[in-house]
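*Asks:* Structure provided below as structure tokens; questions to follow.
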Amino acid sequence: MFRKEKIGGWGNYPIEECFVYRPENLSDLRELVEWQDDSCRISRGNGRSYGDTALNGGHSLLLLTKFNRFLSFDSEKGILECEGGTMLEEIIEFFLPRGYFLPVTPGTKFVTLGGAIANDVHGKNHHRGGCLSEHILDFKLLTASGEILTCSRVQNKDLFWATAGGIGLTGIILSARIRLIQIESAMIDVDYLIAKNLEEAFELFRQHDHKYEYSVAWIDCLAAGEALGRSVLMLGNHSPRTKINTHSLETKTAFKWNVPASMPPSLLNPLTIKGFNQFYYSSFKDGSHKTIDYNSYFYPLDSILNWNRLYGKKGFVQYQAVFPEETSMAGLTEMLKKLSESKRASFLAVLKSFGSQNEGLLSFPYKGHTLALDFPVKDGTIFPFLKELDELVLRYNGRIYLAKDSVLDQRTFEAMYPDLDKFKKIKKEIDPKGIFSSSMSRRLAITGEGL
């Protein structure tokens, strides 16, 4: 059975009416995929993509949260096999006390493994560990015909790299085998470095990234002049068990605040954010060191339930761009100047350096630097501004992250993803009738056949 439901991504923009199904088992899921009707389908995990990646306005949405079993674990090799609907939180809660952790994790643990593969997520260690797909041995994919294929770097290789980052358009990831990493404690040793401007931040990344497993910077997007791009770098390594006797492998539940209802849209404005930025920047001492728990380092926002409500009832859009290494400085400088001059304040602004690109046809990262921003929708005036940012990113040969996008147009998207035609060819071969389609894929004209 299905229910008609108005549903959105984590940004609560856009909100669309979909036919929502929650299959109980593989038989139900296969029946829904093979069902002959005029509706297309897209799978959805825990709904933490920001825009319309996992929306399907007027069509079917398949919720996979009941597909969350651990299937096997090889303790000698650290290889876990689990179903695609398993949340990263569930993996951490069970395996961290046993000395294992995720090889790559995004900024929230409340995403499913299948969704993380479909968006080929990256984390604070892309400069060393790459994307999640690079730690996936293989996965089982339910295709539009009802066939289940095993995909790896050897078997169905092209389909593997079309699915990793392919935003659910090649089929449904039923299960996957992932190689976990071994750790000695649940703590992270973090060094904090202050960058007075963007140029200094780039230099600090260059000097220190090779010494740290994890590297990320908070950046002040309202700073201007000589302080343009001032940042706080947070460089981390897993803490050894022997360093402090109190270190352990226990998973501690982060203290949970709750945002009970949507806040007034005026709460986050240039004045309040400027005050917060000044306070935050001045609260760190250059060269200081702390040992903190993994939740505080990797998932600070997970301790605030429903934090997306801070942006008001109309929601917000996330915007993440990457610039190639040769244009990073110029591109980000122009973007930060544009942000500062426009007073378009971003409450959550994160700067990272990326390592090498993988073979994913629609995978986002490549060697360079990335900036992630957020903007309240409010009265809708943000959209022309985002279009200007798209043109800026394109001018510097950058690209936009699909997992966070909700406004990119077809022309700009096609220019940013040079392997799109290869992806479409594989998509057509594996799904000739266009069974798997989403609001995003139709907006970007990746799909559209049969609709």
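Naming works like this for the structure tokens: A, B, ... for the chains as they're shown, residue 1 at the start of each chain, ligands 1 onward in shown order.
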Based on the backbone DSSP call, show me all residues of region 1-227 of chain A assigned strand (DSSP E), as number ranges by chain.

*Replies:* A: 2-8, 15-21, 41-44, 60-63, 70-74, 79-83, 100-101, 136-142, 148-152, 172-179, 181-182, 187-195, 214-219

*Asks:* Do a neighbour search on Gly11 (chain A) at 8 Å with only C-alpha atoms, toss out local chain neighbours closer than 6 positions, and write the hits as a list in words.

*Replies:*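 Contacts, with the query itself left out: Ser49, Tyr50, Gly51, Asn308, Gly315, Phe316, Val317 and Gln318 of chain A.
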
*Asks:* Provide the CA of Ala195 (chain A) to CA of Arg344 (chain A) distance in Å, to one decimal place.

*Replies:* 21.9 Å

*Asks:* Which residue is closest to Tyr401 (chain A)? Choose from A:Phe323, A:Phe423, A:Phe284, A:Phe276 and count only C-alpha atoms.

*Replies:*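 When distances to Tyr401 (chain A) are compared using only C-alpha atoms, the smallest one comes from A:Phe323.
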
*Asks:* If you run DSSP on the backbone here, which positions in region 192-439 of chain A get alpha helix (DSSP H)? Please write them as a PyMOL selection string.

*Replies:* chain A and resi 198-208+270-282+294-298+328-342+382-395+410-416+420-430+439

*Asks:* Can I get the selection written as an mmCIF file, in the first residue's frame, with C-alpha atoms?

*Replies:*
data_model
loop_
_atom_site.group_PDB
_atom_site.id
_atom_site.type_symbol
_atom_site.label_atom_id
_atom_site.label_comp_id
_atom_site.auth_asym_id
_atom_site.auth_seq_id
_atom_site.Cartn_x
_atom_site.Cartn_y
_atom_site.Cartn_z
ATOM 1 C CA LEU A 198 41.983 32.589 2.411
ATOM 2 C CA GLU A 199 45.555 32.608 1.101
ATOM 3 C CA GLU A 200 46.842 31.658 4.544
ATOM 4 C CA ALA A 201 44.206 28.915 4.843
ATOM 5 C CA PHE A 202 45.367 27.393 1.549
ATOM 6 C CA GLU A 203 48.972 27.503 2.694
ATOM 7 C CA LEU A 204 48.114 25.799 5.995
ATOM 8 C CA PHE A 205 46.251 23.047 4.149
ATOM 9 C CA ARG A 206 49.294 22.586 1.917
ATOM 10 C CA GLN A 207 51.696 22.405 4.852
ATOM 11 C CA HIS A 208 49.697 20.150 7.126
ATOM 12 C CA PRO A 270 23.724 39.025 8.450
ATOM 13 C CA LEU A 271 23.792 40.757 11.821
ATOM 14 C CA THR A 272 23.297 37.632 13.963
ATOM 15 C CA ILE A 273 25.631 35.563 11.804
ATOM 16 C CA LYS A 274 28.311 38.262 11.828
ATOM 17 C CA GLY A 275 28.138 38.269 15.636
ATOM 18 C CA PHE A 276 28.353 34.497 15.755
ATOM 19 C CA ASN A 277 31.282 34.449 13.333
ATOM 20 C CA GLN A 278 33.224 36.980 15.399
ATOM 21 C CA PHE A 279 32.610 34.999 18.574
ATOM 22 C CA TYR A 280 33.485 31.665 16.962
ATOM 23 C CA TYR A 281 36.666 32.906 15.286
ATOM 24 C CA SER A 282 37.953 34.517 18.488
ATOM 25 C CA TYR A 294 34.233 11.400 17.583
ATOM 26 C CA ASN A 295 30.686 12.816 17.711
ATOM 27 C CA SER A 296 31.951 16.321 18.452
ATOM 28 C CA TYR A 297 34.470 16.184 15.614
ATOM 29 C CA PHE A 298 32.563 14.417 12.852
ATOM 30 C CA SER A 328 40.756 27.348 -6.490
ATOM 31 C CA MET A 329 42.320 30.515 -5.132
ATOM 32 C CA ALA A 330 40.893 32.813 -7.782
ATOM 33 C CA GLY A 331 37.459 31.160 -7.859
ATOM 34 C CA LEU A 332 36.961 31.078 -4.099
ATOM 35 C CA THR A 333 38.266 34.616 -3.697
ATOM 36 C CA GLU A 334 35.684 35.906 -6.171
ATOM 37 C CA MET A 335 32.936 33.836 -4.525
ATOM 38 C CA LEU A 336 33.788 35.087 -1.029
ATOM 39 C CA LYS A 337 33.870 38.690 -2.238
ATOM 40 C CA LYS A 338 30.461 38.195 -3.806
ATOM 41 C CA LEU A 339 29.080 36.700 -0.598
ATOM 42 C CA SER A 340 30.533 39.452 1.588
ATOM 43 C CA GLU A 341 29.331 42.278 -0.650
ATOM 44 C CA SER A 342 25.851 40.834 -1.029
ATOM 45 C CA ILE A 382 18.152 33.764 -3.162
ATOM 46 C CA PHE A 383 17.586 31.925 -6.465
ATOM 47 C CA PRO A 384 18.860 34.587 -8.890
ATOM 48 C CA PHE A 385 21.900 34.926 -6.623
ATOM 49 C CA LEU A 386 22.540 31.180 -6.762
ATOM 50 C CA LYS A 387 22.325 31.360 -10.539
ATOM 51 C CA GLU A 388 25.100 33.969 -10.430
ATOM 52 C CA LEU A 389 27.161 31.637 -8.242
ATOM 53 C CA ASP A 390 26.600 28.791 -10.725
ATOM 54 C CA GLU A 391 27.965 30.949 -13.526
ATOM 55 C CA LEU A 392 30.956 31.896 -11.378
ATOM 56 C CA VAL A 393 31.700 28.252 -10.578
ATOM 57 C CA LEU A 394 31.395 27.309 -14.246
ATOM 58 C CA ARG A 395 33.711 30.135 -15.275
ATOM 59 C CA GLN A 410 20.383 21.514 -17.305
ATOM 60 C CA ARG A 411 22.890 23.568 -19.310
ATOM 61 C CA THR A 412 25.136 24.314 -16.348
ATOM 62 C CA PHE A 413 24.962 20.747 -15.076
ATOM 63 C CA GLU A 414 25.945 19.295 -18.448
ATOM 64 C CA ALA A 415 28.935 21.628 -18.642
ATOM 65 C CA MET A 416 30.089 20.647 -15.157
ATOM 66 C CA LEU A 420 27.336 12.607 -18.321
ATOM 67 C CA ASP A 421 26.935 11.051 -21.776
ATOM 68 C CA LYS A 422 28.731 7.895 -20.608
ATOM 69 C CA PHE A 423 26.382 7.771 -17.622
ATOM 70 C CA LYS A 424 23.296 8.195 -19.815
ATOM 71 C CA LYS A 425 24.455 5.373 -22.101
ATOM 72 C CA ILE A 426 24.828 2.959 -19.172
ATOM 73 C CA LYS A 427 21.539 4.174 -17.700
ATOM 74 C CA LYS A 428 19.742 3.508 -21.004
ATOM 75 C CA GLU A 429 21.216 0.005 -21.220
ATOM 76 C CA ILE A 430 20.292 -1.003 -17.672
ATOM 77 C CA SER A 439 12.560 15.149 -9.568
#
